[in-house]
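Some notes on the structure that comes next.
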Amino acid sequence: MSLSVSFDAIEKQFGPVRVLHGVSFDLAPGRIYGLLGENGAGKSTLMKILAGYERATAGTLSVGGAPVAFDSSRDAEAAGIVLIHQELNLADHLSIVQNMFLGHEKRRGFLLDEPAMREAARVRLNDVGLHKNPDTKVRDLIVAEKQLVEIAKAMLREARLLIMDEPTATLTPAETQRLFALMARLKEDGVTIVYISHKLDEVERVTDEIIVMRDGRFVTRAPTAEVTRHQMANLMVGREVSDMFPAKPPLAADAPVALKVDGVAVPGWARNVSFAVRAGEVFGFAGLVGAGRTELFEGLIGVRARTAGSIALDGRTVNPRNPRDAMKRGLTYLSEDRKGRGLHVDMALKDNLTLMTLERYAHPFLDSGAEREALRQAVSDFGIRTGNLASRARMLSGGNQQKLALAKFLHPDPRVIVLDEPTRGVDVGAKRDIYFLIHRLAAEGRAVIVISSELIELIGLCHRVAVMRAGELVATLGIEQLTEERLIAHATGTH
Ligand SMILES: Nc1ncnc2c1ncn2[C@@H]1O[C@H](COP(=O)(O)OP(=O)(O)OP(=O)(O)O)[C@@H](O)[C@H]1O
Ligand SMILES: [Mg+2]
């Protein structure tokens, strides 16, 4: 069974802000579509309308030839349409299996049929390659594992039209590969898939056709085989995009060491890790998901326990007790989990920006004029797209939330900056802006540490890249040694 869909002059307004302007296009059954567009183009909003999470303000949505108006995601699911959210949507305090069956519990008589649910969950988890006990609480999972739970959960619903909103943003290459195999199987069964991603190489690999949106409008569509990645980028941005990576800023041979880490251990995650990063240096961290990169830095800033070793900033030994303390001493870490730790999504943009530097704005009463000015500056520096400066962070598109998180963590003007997956979910144009920004920060004499799963990004940006494997720092490669093959070999231990 397969579904055709047609959008006809779809409009969407949030209060006074119009985000979709008469979008019209059709989706044929059994094909994989790549939905492309810059951050804030309206991709997620349009797909939320299709999946019953939002109502269109005007226009007609037809499914299987008949006009529909879904009141809820349950209505859409009943019609065979399932959305895997960009911003993970799981209940942290519930287990994997409880999340997967939330609102769709299997029963035997009046009782929950827990063994049946656990078994069905195990099958789907196995399909997506997550080997965890289904009774594990979601709060104990890392981001990539949560993403796999979301996908497994969608698989349970047996969708005829499946929308994946940046499903691979947090996945490893192996997990991504498995997901693509799963998509190919679904396609063979006639399932229509809408695949939203900023990773154009993946779009090129898995989709049959691309559909491009810009500023809330449909721009064009084309068979994937007929467009190059470069053309995709240009279509999204509406202008020529060139040289993604700026020239690396020169690094003086006598640049002083800004951060020195010696023999640090984070129980369960990292052992005997030592490295030094100089002022003006861009230093990368490569490794597989679970290698302990994030946890190492969480240990360094006091989110996790450190049991051995020492940390020195500008030659002075420090012992950060918590992120705030680390920040005061000049070490700032921007979390990969922007929804969980990066931003307060229910707070205003301005309050997010100035949260860590309130003392600058209180003399002694809060100077909200100055705060607003700082926000205007950040919105322009970081290219944050928002219809309304007074809105809450939740209302920004995924990529724009990432830019706001960057602006927030750089606002205190740290000496050493650790950026964990800084371009996840960010569109090509904005990625390039972030790369230039990273180099500017280094050129100004800061030490910048970039943790990334995109090897191309590490190679394009960094002076040196450290590789972690199973909690140990196994290699550090200099500019002339940086290749994808070498990084992969060290990360997987096949060197
Ligand atoms: N609940 C809301 N209230 C107000 N504005 C909103 C709301 N949800 C989305 N928007 C706005 O709608 C526009 C489109 O957002 P959307 O999330 O659809 O973009 P996107 O194409 O998915 O971007 P990204 O690539 O960053 O995920 C954005 O300007 C966003 O700020
Ligand atoms: Mg989106």
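Numbering starts fresh at 1 for the residues of each chain in the structure tokens, the chains themselves are lettered A, B, ... in the order given, and ligands are numbered from 1 as they appear.
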
Could you give me, as a PyMOL selection string, the residues within 7 Å of range 35-43 of chain A, counting only C-alpha atoms and dropping anything in the same chain fewer than 5 positions from it?
chain A and resi 19-20+194-197+210-216+236-237+385+397+399-400+426-427

Write out as a PyMOL selection string all residues of range 163-347 of chain A that backbone DSSP assigns to strand (DSSP E or B).
chain A and resi 163-165+192-196+209-214+217-223+257-266+270-278+282-287+308-313+316-318+331-334

Taking 5 positions as the minimum chain separation for residues in the same chain, which residues sit within 9 Å of range 154-167 of chain A when counting only C-alpha atoms? Answer as JSON, numbers by chain.
{"A": [1, 2, 3, 4, 29, 30, 43, 44, 47, 51, 77, 79, 80, 81, 82, 83, 84, 85, 86, 87, 100, 101, 120, 121, 124, 147, 148, 149, 176, 179, 186, 189, 190, 191, 192, 193, 194, 195, 196, 197, 198, 199, 425]}

Which is closer to Leu353 in chain A than all the others in A:Thr172, A:Gln401, A:Thr224, A:Thr492, using only C-alpha atoms?
A:Gln401

Applying 9 Å and only C-alpha atoms, which residues near range 439-450 of chain A remain after dropping the ones on its own chain fewer than 3 positions away? List them as JSON, numbers by chain.
{"A": [246, 247, 248, 249, 250, 251, 255, 257, 258, 259, 277, 278, 279, 280, 281, 282, 283, 284, 285, 286, 414, 415, 416, 417, 418, 419, 420, 421, 422, 434, 435, 436, 458, 461, 462, 465]}

Mind listing the helix (DSSP H, G or I) residues of range 394-452 of chain A, per DSSP on the backbone, as a ChimeraX atom specification?
/A:394-395,398-410,428-443

Quote the spacing between CA of Ser310 in chain A and CA of Asp140 in chain A in Å to one decimal place.
27.8 Å
